[in-house]
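Structure data (compact mmCIF, N, CA and C atoms) from input12.txt:
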```txt
# COMPACT_ATOMS: atom_id res chain seq x y z
N MET D 1 86.60 107.72 95.79
CA MET D 1 86.24 107.32 97.14
C MET D 1 86.09 105.79 97.19
N GLN D 2 86.65 105.17 98.22
CA GLN D 2 86.58 103.72 98.37
C GLN D 2 85.42 103.37 99.30
N ASP D 3 84.79 102.24 99.01
CA ASP D 3 83.73 101.75 99.88
C ASP D 3 84.35 100.96 101.02
N ILE D 4 83.92 101.26 102.23
CA ILE D 4 84.43 100.61 103.43
C ILE D 4 83.26 99.96 104.17
N MET D 5 83.47 98.74 104.63
CA MET D 5 82.47 98.04 105.45
C MET D 5 83.10 97.80 106.82
N LYS D 6 82.39 98.11 107.87
CA LYS D 6 82.90 97.91 109.22
C LYS D 6 82.17 96.72 109.84
N VAL D 7 82.95 95.72 110.29
CA VAL D 7 82.41 94.51 110.90
C VAL D 7 83.20 94.24 112.17
N ASN D 8 82.52 94.15 113.30
CA ASN D 8 83.17 93.90 114.60
C ASN D 8 84.33 94.85 114.85
N GLN D 9 84.10 96.12 114.64
CA GLN D 9 85.08 97.20 114.85
C GLN D 9 86.31 97.09 113.95
N LYS D 10 86.25 96.32 112.86
CA LYS D 10 87.33 96.23 111.89
C LYS D 10 86.82 96.76 110.56
N GLU D 11 87.66 97.52 109.87
CA GLU D 11 87.27 98.09 108.58
C GLU D 11 87.83 97.25 107.44
N TYR D 12 86.98 96.98 106.47
CA TYR D 12 87.36 96.22 105.29
C TYR D 12 87.06 97.05 104.05
N LYS D 13 87.97 97.02 103.09
CA LYS D 13 87.77 97.70 101.82
C LYS D 13 87.00 96.77 100.90
N ILE D 14 85.89 97.23 100.35
CA ILE D 14 85.10 96.44 99.43
C ILE D 14 85.81 96.41 98.08
N VAL D 15 86.16 95.19 97.63
CA VAL D 15 86.87 95.03 96.37
C VAL D 15 85.87 94.87 95.23
N LYS D 16 84.83 94.05 95.47
CA LYS D 16 83.89 93.76 94.40
C LYS D 16 82.55 93.30 94.95
N LEU D 17 81.48 93.74 94.32
CA LEU D 17 80.15 93.23 94.60
C LEU D 17 80.01 91.94 93.81
N LEU D 18 79.80 90.82 94.50
CA LEU D 18 79.77 89.53 93.83
C LEU D 18 78.40 89.16 93.29
N GLY D 19 77.36 89.60 93.97
CA GLY D 19 76.03 89.27 93.47
C GLY D 19 74.96 89.46 94.52
N HIS D 20 73.74 89.13 94.12
CA HIS D 20 72.58 89.29 94.98
C HIS D 20 71.84 87.96 95.03
N GLY D 21 71.58 87.50 96.23
CA GLY D 21 70.85 86.25 96.41
C GLY D 21 69.64 86.48 97.29
N LYS D 22 69.04 85.40 97.78
CA LYS D 22 67.86 85.50 98.64
C LYS D 22 68.15 86.26 99.92
N GLY D 23 69.36 86.10 100.47
CA GLY D 23 69.70 86.70 101.75
C GLY D 23 70.26 88.11 101.66
N GLY D 24 70.49 88.62 100.48
CA GLY D 24 71.04 89.95 100.33
C GLY D 24 72.21 89.96 99.35
N TYR D 25 73.10 90.88 99.54
CA TYR D 25 74.25 91.05 98.65
C TYR D 25 75.48 90.34 99.21
N SER D 26 76.37 89.90 98.31
CA SER D 26 77.65 89.31 98.70
C SER D 26 78.77 90.19 98.18
N TYR D 27 79.78 90.41 99.03
CA TYR D 27 80.89 91.28 98.70
C TYR D 27 82.22 90.57 98.93
N LEU D 28 83.20 90.86 98.09
CA LEU D 28 84.58 90.46 98.33
C LEU D 28 85.26 91.66 98.99
N ALA D 29 85.84 91.44 100.17
CA ALA D 29 86.46 92.54 100.92
C ALA D 29 87.90 92.18 101.27
N GLU D 30 88.71 93.23 101.50
CA GLU D 30 90.14 93.05 101.76
C GLU D 30 90.56 93.87 102.97
N GLN D 31 91.45 93.27 103.78
CA GLN D 31 92.05 93.97 104.91
C GLN D 31 93.45 93.39 105.11
N ASN D 32 94.46 94.24 105.05
CA ASN D 32 95.86 93.81 105.26
C ASN D 32 96.25 92.62 104.39
N ASP D 33 95.92 92.69 103.11
CA ASP D 33 96.25 91.66 102.12
C ASP D 33 95.53 90.33 102.34
N TYR D 34 94.48 90.30 103.14
CA TYR D 34 93.64 89.13 103.32
C TYR D 34 92.27 89.44 102.75
N TYR D 35 91.70 88.45 102.03
CA TYR D 35 90.40 88.64 101.40
C TYR D 35 89.36 87.83 102.14
N ARG D 36 88.16 88.41 102.25
CA ARG D 36 87.06 87.76 102.94
C ARG D 36 85.77 87.96 102.14
N LEU D 37 84.82 87.06 102.35
CA LEU D 37 83.53 87.16 101.72
C LEU D 37 82.50 87.56 102.77
N PHE D 38 81.72 88.60 102.46
CA PHE D 38 80.69 89.06 103.38
C PHE D 38 79.33 89.07 102.69
N SER D 39 78.30 88.84 103.45
CA SER D 39 76.92 88.95 102.97
C SER D 39 76.16 89.86 103.92
N ASP D 40 75.25 90.62 103.35
CA ASP D 40 74.39 91.44 104.22
C ASP D 40 72.94 91.19 103.93
```
Encoded form (structure tokens):
Amino acid sequence: MQDIMKVNQKEYKIVKLLGHGKGGYSYLAEQNDYYRLFSD
């Protein structure tokens, strides 16, 4: 099963958990061969 994150009605596949900081977790996510960094 793949982890999916939905942001602004767009779904991103979580590629890797990058780490945990003061503000929460950081993730590397991919959609249509484009990579993005998200924090929660």
Find the smallest box with edges along x, y and z containing every listed atom of region 35-38 of chain D, then add 6 Å on each side and report centre and edge lengths in Å to one decimal, as JSON.
```
{"center_x": 85.5, "center_y": 88.1, "center_z": 102.4, "size_x": 24.4, "size_y": 14.0, "size_z": 14.0}
```
Practice problem: Considering all atoms listed in the file, return as an MDAnalysis selection string whatever protein or nucleic-acid residues lie within 8 Å of Tyr12 (chain D), sequence-local ones (same chain, fewer than 4 positions apart) excluded. | Solution: chainID D and resid 3:7 28:32
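Atom pair atom C of Gln2 (chain D) / CA of Leu17 (chain D): separated by 12.4 Å.
Reported to one decimal place, the separation of atom N of Tyr35 (chain D) from atom C of His20 (chain D) is 21.1 Å.
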Exercise. Would you please give, as number ranges by chain, all residues of chain D that DSSP assigns to strand (DSSP E or B) based on the backbone?
Key: D: 4-7, 10-21, 24-31, 34-39
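Between CA of Tyr27 (chain D) and CA of Val15 (chain D) the interatomic distance comes to 7.4 Å.
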Practice problem: Give me the residues within 12 Å of Gly19 (chain D) as a PyMOL selection string, counting only C-alpha atoms and dropping any in the same chain fewer than 2 places off. | Solution: chain D and resi 16-17+21-28+37-40
Regenerate region 1-20 of chain D at the level of N, CA, C and O atoms and dump it as a PDB file, keeping the file's coordinate frame.
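So the final result, stored in rebuild_34.pdb, reads:
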```
ATOM      1  N   MET D   1      86.600 107.720  95.790  1.00  0.00           N
ATOM      2  CA  MET D   1      86.240 107.320  97.140  1.00  0.00           C
ATOM      3  C   MET D   1      86.090 105.790  97.190  1.00  0.00           C
ATOM      4  O   MET D   1      85.484 105.181  96.330  1.00  0.00           O
ATOM      5  N   GLN D   2      86.650 105.170  98.220  1.00  0.00           N
ATOM      6  CA  GLN D   2      86.580 103.720  98.370  1.00  0.00           C
ATOM      7  C   GLN D   2      85.420 103.370  99.300  1.00  0.00           C
ATOM      8  O   GLN D   2      85.128 104.080 100.243  1.00  0.00           O
ATOM      9  N   ASP D   3      84.790 102.240  99.010  1.00  0.00           N
ATOM     10  CA  ASP D   3      83.730 101.750  99.880  1.00  0.00           C
ATOM     11  C   ASP D   3      84.350 100.960 101.020  1.00  0.00           C
ATOM     12  O   ASP D   3      85.206 100.098 100.801  1.00  0.00           O
ATOM     13  N   ILE D   4      83.920 101.260 102.230  1.00  0.00           N
ATOM     14  CA  ILE D   4      84.430 100.610 103.430  1.00  0.00           C
ATOM     15  C   ILE D   4      83.260  99.960 104.170  1.00  0.00           C
ATOM     16  O   ILE D   4      82.207 100.560 104.324  1.00  0.00           O
ATOM     17  N   MET D   5      83.470  98.740 104.630  1.00  0.00           N
ATOM     18  CA  MET D   5      82.470  98.040 105.450  1.00  0.00           C
ATOM     19  C   MET D   5      83.100  97.800 106.820  1.00  0.00           C
ATOM     20  O   MET D   5      84.242  97.335 106.903  1.00  0.00           O
ATOM     21  N   LYS D   6      82.390  98.110 107.870  1.00  0.00           N
ATOM     22  CA  LYS D   6      82.900  97.910 109.220  1.00  0.00           C
ATOM     23  C   LYS D   6      82.170  96.720 109.840  1.00  0.00           C
ATOM     24  O   LYS D   6      80.939  96.697 109.912  1.00  0.00           O
ATOM     25  N   VAL D   7      82.950  95.720 110.290  1.00  0.00           N
ATOM     26  CA  VAL D   7      82.410  94.510 110.900  1.00  0.00           C
ATOM     27  C   VAL D   7      83.200  94.240 112.170  1.00  0.00           C
ATOM     28  O   VAL D   7      84.420  94.112 112.130  1.00  0.00           O
ATOM     29  N   ASN D   8      82.520  94.150 113.300  1.00  0.00           N
ATOM     30  CA  ASN D   8      83.170  93.900 114.600  1.00  0.00           C
ATOM     31  C   ASN D   8      84.330  94.850 114.850  1.00  0.00           C
ATOM     32  O   ASN D   8      85.434  94.438 115.196  1.00  0.00           O
ATOM     33  N   GLN D   9      84.100  96.120 114.640  1.00  0.00           N
ATOM     34  CA  GLN D   9      85.080  97.200 114.850  1.00  0.00           C
ATOM     35  C   GLN D   9      86.310  97.090 113.950  1.00  0.00           C
ATOM     36  O   GLN D   9      87.338  97.689 114.222  1.00  0.00           O
ATOM     37  N   LYS D  10      86.250  96.320 112.860  1.00  0.00           N
ATOM     38  CA  LYS D  10      87.330  96.230 111.890  1.00  0.00           C
ATOM     39  C   LYS D  10      86.820  96.760 110.560  1.00  0.00           C
ATOM     40  O   LYS D  10      85.690  96.471 110.157  1.00  0.00           O
ATOM     41  N   GLU D  11      87.660  97.520 109.870  1.00  0.00           N
ATOM     42  CA  GLU D  11      87.270  98.090 108.580  1.00  0.00           C
ATOM     43  C   GLU D  11      87.830  97.250 107.440  1.00  0.00           C
ATOM     44  O   GLU D  11      88.993  96.834 107.474  1.00  0.00           O
ATOM     45  N   TYR D  12      86.980  96.980 106.470  1.00  0.00           N
ATOM     46  CA  TYR D  12      87.360  96.220 105.290  1.00  0.00           C
ATOM     47  C   TYR D  12      87.060  97.050 104.050  1.00  0.00           C
ATOM     48  O   TYR D  12      86.019  97.680 103.952  1.00  0.00           O
ATOM     49  N   LYS D  13      87.970  97.020 103.090  1.00  0.00           N
ATOM     50  CA  LYS D  13      87.770  97.700 101.820  1.00  0.00           C
ATOM     51  C   LYS D  13      87.000  96.770 100.900  1.00  0.00           C
ATOM     52  O   LYS D  13      87.400  95.617 100.696  1.00  0.00           O
ATOM     53  N   ILE D  14      85.890  97.230 100.350  1.00  0.00           N
ATOM     54  CA  ILE D  14      85.100  96.440  99.430  1.00  0.00           C
ATOM     55  C   ILE D  14      85.810  96.410  98.080  1.00  0.00           C
ATOM     56  O   ILE D  14      86.069  97.446  97.480  1.00  0.00           O
ATOM     57  N   VAL D  15      86.160  95.190  97.630  1.00  0.00           N
ATOM     58  CA  VAL D  15      86.870  95.030  96.370  1.00  0.00           C
ATOM     59  C   VAL D  15      85.870  94.870  95.230  1.00  0.00           C
ATOM     60  O   VAL D  15      86.017  95.472  94.173  1.00  0.00           O
ATOM     61  N   LYS D  16      84.830  94.050  95.470  1.00  0.00           N
ATOM     62  CA  LYS D  16      83.890  93.760  94.400  1.00  0.00           C
ATOM     63  C   LYS D  16      82.550  93.300  94.950  1.00  0.00           C
ATOM     64  O   LYS D  16      82.509  92.560  95.941  1.00  0.00           O
ATOM     65  N   LEU D  17      81.480  93.740  94.320  1.00  0.00           N
ATOM     66  CA  LEU D  17      80.150  93.230  94.600  1.00  0.00           C
ATOM     67  C   LEU D  17      80.010  91.940  93.810  1.00  0.00           C
ATOM     68  O   LEU D  17      80.158  91.941  92.577  1.00  0.00           O
ATOM     69  N   LEU D  18      79.800  90.820  94.500  1.00  0.00           N
ATOM     70  CA  LEU D  18      79.770  89.530  93.830  1.00  0.00           C
ATOM     71  C   LEU D  18      78.400  89.160  93.290  1.00  0.00           C
ATOM     72  O   LEU D  18      78.292  88.477  92.291  1.00  0.00           O
ATOM     73  N   GLY D  19      77.360  89.600  93.970  1.00  0.00           N
ATOM     74  CA  GLY D  19      76.030  89.270  93.470  1.00  0.00           C
ATOM     75  C   GLY D  19      74.960  89.460  94.520  1.00  0.00           C
ATOM     76  O   GLY D  19      75.214  89.884  95.645  1.00  0.00           O
ATOM     77  N   HIS D  20      73.740  89.130  94.120  1.00  0.00           N
ATOM     78  CA  HIS D  20      72.580  89.290  94.980  1.00  0.00           C
ATOM     79  C   HIS D  20      71.840  87.960  95.030  1.00  0.00           C
ATOM     80  O   HIS D  20      71.554  87.364  94.006  1.00  0.00           O
TER      81      HIS D  20
END
```
